[in-house]
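S.K.: Structure incoming, see below.
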Amino acid sequence: MSKNLSGKVAVITASTEGIGLAIAKRLASDGASVVISSRKLRNVSKAVDLLKSMGYTQVHGFKCHVGVDEDRKKVIRETISLFGRIDILVSNAAVNPFLGRILECPEKLWNKIFDTNVTAPFMLVKEVAPLMKKTGGGSIIFISSVAAYNPMKKIGPYSVSKTALIGLTKVLSQSLVQDGIRVNSIAPGVVETKSSRKVIAANNNLLGDIPMGRVAAPEEIASVVSFLVSEDASYITGETIPVAGGMVSHL
C-alpha cells in the first residue's frame with residue numbers, strides 16, 4: 001500500500017470488526033494515524049491489539065456509543081489530545097433492529113434506527129467540522145447502503161435511513177465546501193459481515209439479485225474509502241459511490 005495519508009488523522013466509528021475494521025486497517029496501511037471505536041471496550045482493546053500486532057503502531061481506540069452525546073464528544077476530545085487534529089471522519093456505525101413490513105415497525109425501533117443511522121452522524125460532523133476548518137480542511141465519509149436506492153425486503157426503515165444519509169451527504173457537502181471539507185458517502189451492497197447474515201436469511205434469492213453473484217469482502221469497501229479520503233479524489237464531493245457488485249443503484 002502507498003503512504004499517501006501520512007500525517008493524517010482518521011476517526012472511524014464502529015470499527016472493531018467488519019467494514020469498520022477493514023477501513024481502519026486500510027487507512028493505517030496508507031500511513032494515517034487511526035482512532036477506532038465501539039460500544040464495548042473489550043472489542044476496542046482486541047481490535048487495537050490486532051492492528052498493532054500487524055505493525056500499525058499509530059492506532060488508538062476508545063469506547064463510544066454513537067447515540068450518546070458525551071461518548072461522541074469524548075472520542076473527539078481524546079483524538080485532539082493525542083494528535084492535535086482530525087483530517088478524516090468515517091461514520092460507519094449503524095443499526096438494523098427490525099425485520100418485517102415497514103408499517104409494523106414500532107416507533108421505538110424506528111427512532112432507534114434514525115437516531116443511530118442519521119442523527120448521530122450529523123452530530124459527529126457538527127463536532128468535527130470546526131476542527132477540520134481550523135487545520136485547513138478534511139474529508140468526511142458516510143457509509144450508506146445500496147438499500148438506499150433499492151430497498152431490500154424486510155428492512156424498510158433501515159433502507160429509508162440510508163436514503164436520508166445520502167441526502168445529508170449532499171447538503172453537508174455544499175455547506176462545508178468553502179471550509180475545504182469534502183463530504184461523500186459509499187453505498188455498499190451485501191458485505192460479508194455478522195450483520196449481513198440476517199439480511200441474507202431474510203432474502204432467499206439475494207445472491208440472484210447481485211449480478212456479480214457474490215457478496216463483497218469488507219476490504220473492497222475499505223479500498224473505496226481510501227480513494228475518497230485521498231488527494232486522488234480532491235475534486236469529488238457530495239457524491240455517493242455504490243460498491244454493490246452491479247446491484248441497482250439509482251433513485
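Please note that chains go A, B, ... in the order of the C-alpha cells, that every chain numbers its residues from 1, and that ligands are numbered from 1 in the order shown.
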Any chance you could list, as a VMD selection string, the residues in stretch 27-228 of chain A that come up strand (DSSP E or B) when DSSP is run on the backbone?
M.R.: chain A and resid 33 to 38 59 to 63 88 to 91 100 138 to 143 155 181 to 188 191 216
S.K.: Find the spatial neighbours of A:Met54, counting only C-alpha atoms, within a cut-off of 10 Å - ignore same-chain residues fewer than 4 positions away - and output them as a JSON list (two decimals) with C-alpha atoms, in the first residue's frame.
M.R.:
[["chain", "number", "residue", "atom", "x", "y", "z"],
["A", 25, "LYS", "CA", -6.59, -1.32, 8.67],
["A", 29, "SER", "CA", -1.63, 0.95, 5.94],
["A", 48, "VAL", "CA", -6.27, -2.23, 18.73],
["A", 49, "ASP", "CA", -4.08, -5.16, 19.77],
["A", 50, "LEU", "CA", -4.76, -6.87, 16.45]]
S.K.: Kindly provide the residues of stretch 69-114 of chain A that approach stretch 2-19 of chain A to within 7 Å, each paired with its closest atom pair and their distance in Å to one decimal, based on only C-alpha atoms, listed by chain and increasing number, as a Markdown table.
M.R.:
| residue | atom | partner | partner_atom | distance |
| --- | --- | --- | --- | --- |
| A:Arg85 | CA | A:Val9 | CA | 6.7 |
| A:Ile86 | CA | A:Val9 | CA | 5.1 |
| A:Asp87 | CA | A:Val9 | CA | 5.2 |
| A:Ile88 | CA | A:Ala10 | CA | 4.4 |
| A:Leu89 | CA | A:Val11 | CA | 5.0 |
| A:Val90 | CA | A:Ile12 | CA | 4.7 |
| A:Ser91 | CA | A:Thr13 | CA | 5.4 |
| A:Asn92 | CA | A:Thr13 | CA | 5.3 |
| A:Ala93 | CA | A:Ala14 | CA | 4.7 |
S.K.: Hey, which of A:Ile76, A:Cys105, A:Ile143, A:Val66 ends up closest to A:Ala120? Count only C-alpha atoms.
M.R.: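 Checking each candidate against A:Ala120, we get A:Val66 as the closest.
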S.K.: Quick one: residues within 6 Å of A:Asn184, only C-alpha atoms counted, chain neighbours fewer than 6 positions away excluded, as a JSON list (two decimals) with N, CA, C and O atoms, in the first residue's frame?
M.R.:
[["chain", "number", "residue", "atom", "x", "y", "z"],
["A", 141, "ILE", "N", -16.68, 10.79, 5.38],
["A", 141, "ILE", "CA", -17.29, 9.69, 4.63],
["A", 141, "ILE", "C", -18.42, 9.10, 5.46],
["A", 141, "ILE", "O", -18.23, 8.71, 6.62],
["A", 169, "THR", "N", -25.43, 13.79, 2.91],
["A", 169, "THR", "CA", -24.16, 13.95, 2.21],
["A", 169, "THR", "C", -24.21, 15.14, 1.26],
["A", 169, "THR", "O", -23.29, 15.97, 1.23],
["A", 237, "THR", "N", -16.90, 15.74, -4.24],
["A", 237, "THR", "CA", -17.64, 15.99, -3.00],
["A", 237, "THR", "C", -19.14, 15.94, -3.29],
["A", 237, "THR", "O", -19.58, 16.21, -4.41],
["A", 238, "GLY", "N", -19.90, 15.54, -2.29],
["A", 238, "GLY", "CA", -21.35, 15.44, -2.44],
["A", 238, "GLY", "C", -21.83, 14.21, -3.18],
["A", 238, "GLY", "O", -23.00, 14.11, -3.53],
["A", 239, "GLU", "N", -20.94, 13.24, -3.38],
["A", 239, "GLU", "CA", -21.28, 12.07, -4.18],
["A", 239, "GLU", "C", -21.44, 10.82, -3.32],
["A", 239, "GLU", "O", -20.86, 10.71, -2.24],
["A", 240, "THR", "N", -22.21, 9.87, -3.83],
["A", 240, "THR", "CA", -22.32, 8.56, -3.23],
["A", 240, "THR", "C", -21.88, 7.53, -4.25],
["A", 240, "THR", "O", -22.39, 7.51, -5.38]]
S.K.: Can you pull out every residue from stretch 2-249 of chain A that DSSP, working from the backbone, puts in helix (DSSP H, G or I), and format the result as a PyMOL selection string?
M.R.: chain A and resi 18-29+41-53+69-83+102-104+107-134+146-148+156-179+196-202+207-209+218-228+231-233
S.K.: Those selected residues, please, written with C-alpha atoms and delivered as a compact mmCIF listing (two decimals), in the first residue's frame.
M.R.:
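File out.txt, as written:
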# COMPACT_ATOMS: atom_id res chain seq x y z
CA GLY A 18 -16.36 -5.98 9.64
CA ILE A 19 -16.32 -2.97 7.35
CA GLY A 20 -15.13 -0.56 10.04
CA LEU A 21 -12.12 -2.67 11.00
CA ALA A 22 -11.20 -3.16 7.34
CA ILE A 23 -11.32 0.61 6.85
CA ALA A 24 -9.16 1.18 9.93
CA LYS A 25 -6.59 -1.32 8.67
CA ARG A 26 -6.53 0.17 5.18
CA LEU A 27 -6.14 3.78 6.33
CA ALA A 28 -3.42 2.75 8.77
CA SER A 29 -1.63 0.95 5.94
CA LEU A 41 -14.37 -1.55 25.45
CA ARG A 42 -13.21 -5.17 25.22
CA ASN A 43 -13.86 -5.13 21.49
CA VAL A 44 -11.88 -1.91 21.15
CA SER A 45 -8.92 -3.35 23.04
CA LYS A 46 -8.99 -6.52 20.96
CA ALA A 47 -9.04 -4.61 17.67
CA VAL A 48 -6.27 -2.23 18.73
CA ASP A 49 -4.08 -5.16 19.77
CA LEU A 50 -4.76 -6.87 16.45
CA LEU A 51 -3.82 -3.85 14.35
CA LYS A 52 -0.71 -3.14 16.42
CA SER A 53 0.36 -6.77 16.05
CA ASP A 69 -23.65 12.67 23.05
CA GLU A 70 -20.92 12.51 25.69
CA ASP A 71 -19.36 9.42 24.09
CA ARG A 72 -19.14 11.19 20.74
CA LYS A 73 -17.59 14.27 22.29
CA LYS A 74 -15.12 12.21 24.30
CA VAL A 75 -13.75 10.46 21.21
CA ILE A 76 -13.22 13.82 19.54
CA ARG A 77 -11.59 15.32 22.64
CA GLU A 78 -9.29 12.36 23.12
CA THR A 79 -8.26 12.36 19.47
CA ILE A 80 -7.39 16.05 19.59
CA SER A 81 -5.48 15.48 22.83
CA LEU A 82 -3.45 12.71 21.20
CA PHE A 83 -2.86 14.13 17.74
CA ILE A 102 -42.35 -1.31 7.42
CA LEU A 103 -45.78 -0.40 8.82
CA GLU A 104 -45.26 -2.97 11.56
CA GLU A 107 -42.00 3.76 16.94
CA LYS A 108 -39.27 2.91 19.46
CA LEU A 109 -37.30 0.92 16.88
CA TRP A 110 -37.93 3.49 14.15
CA ASN A 111 -36.46 6.19 16.39
CA LYS A 112 -33.50 4.00 17.32
CA ILE A 113 -32.68 3.42 13.66
CA PHE A 114 -32.80 7.11 12.78
CA ASP A 115 -31.02 8.24 15.95
CA THR A 116 -28.09 5.96 15.21
CA ASN A 117 -28.01 5.95 11.41
CA VAL A 118 -28.78 9.62 10.67
CA THR A 119 -28.78 11.87 13.74
CA ALA A 120 -25.53 10.54 15.24
CA PRO A 121 -23.52 11.03 12.01
CA PHE A 122 -24.88 14.58 11.74
CA MET A 123 -23.92 15.36 15.33
CA LEU A 124 -20.44 13.96 14.77
CA VAL A 125 -19.98 16.28 11.82
CA LYS A 126 -21.08 19.22 13.94
CA GLU A 127 -18.27 18.37 16.37
CA VAL A 128 -15.59 17.63 13.79
CA ALA A 129 -16.16 20.19 11.03
CA PRO A 130 -14.98 23.26 13.02
CA LEU A 131 -11.80 21.37 13.95
CA MET A 132 -11.16 20.42 10.34
CA LYS A 133 -11.69 24.01 9.26
CA LYS A 134 -9.01 25.21 11.68
CA VAL A 146 -27.35 0.17 -1.79
CA ALA A 147 -30.66 -0.33 0.03
CA ALA A 148 -30.93 3.47 -0.03
CA GLY A 156 -37.60 -0.85 5.05
CA PRO A 157 -36.83 1.51 7.98
CA TYR A 158 -33.11 0.83 7.61
CA SER A 159 -33.36 1.49 3.88
CA VAL A 160 -35.09 4.84 4.47
CA SER A 161 -32.42 5.88 6.98
CA LYS A 162 -29.71 5.14 4.44
CA THR A 163 -31.52 7.20 1.80
CA ALA A 164 -31.59 10.07 4.29
CA LEU A 165 -27.84 9.69 4.72
CA ILE A 166 -27.33 10.25 1.00
CA GLY A 167 -29.38 13.45 1.29
CA LEU A 168 -27.29 14.52 4.28
CA THR A 169 -24.16 13.95 2.21
CA LYS A 170 -25.38 16.32 -0.50
CA VAL A 171 -26.48 19.07 1.89
CA LEU A 172 -23.36 18.97 4.08
CA SER A 173 -21.04 18.91 1.08
CA GLN A 174 -22.45 22.23 -0.11
CA SER A 175 -22.35 23.72 3.38
CA LEU A 176 -18.73 22.73 4.08
CA VAL A 177 -17.04 23.07 0.71
CA GLN A 178 -15.83 26.61 1.43
CA ASP A 179 -14.08 25.28 4.54
CA SER A 196 -25.35 -9.16 6.81
CA ARG A 197 -26.29 -12.71 7.73
CA LYS A 198 -29.73 -11.54 8.92
CA VAL A 199 -30.29 -9.74 5.62
CA ILE A 200 -29.26 -12.80 3.61
CA ALA A 201 -31.53 -15.03 5.70
CA ALA A 202 -34.48 -12.67 5.14
CA LEU A 207 -27.43 -13.61 -4.42
CA GLY A 208 -29.61 -13.86 -7.52
CA ASP A 209 -30.11 -10.08 -7.31
CA PRO A 218 -15.04 -5.70 3.76
CA GLU A 219 -11.71 -4.82 2.18
CA GLU A 220 -13.50 -3.99 -1.07
CA ILE A 221 -15.37 -1.23 0.74
CA ALA A 222 -12.23 -0.04 2.53
CA SER A 223 -10.37 0.46 -0.74
CA VAL A 224 -13.01 2.91 -1.95
CA VAL A 225 -12.83 4.81 1.34
CA SER A 226 -9.06 5.00 0.89
CA PHE A 227 -9.55 6.59 -2.52
CA LEU A 228 -12.20 9.08 -1.43
CA GLU A 231 -5.87 13.61 -2.78
CA ASP A 232 -6.72 11.42 -5.78
CA ALA A 233 -10.36 12.36 -5.04
S.K.: Looking at only C-alpha atoms, which of A:Gly246, A:Gly67, A:Gly189, A:Ile155 is the one that sits closest to A:Phe98?
M.R.: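 Using only C-alpha atoms, A:Phe98 sits closest to A:Ile155.
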S.K.: Pick out the closest residue to A:Gly138 from this set: A:Val229, A:Ala216, A:Cys64, A:Ile186. Count only C-alpha atoms.
M.R.: A:Val229
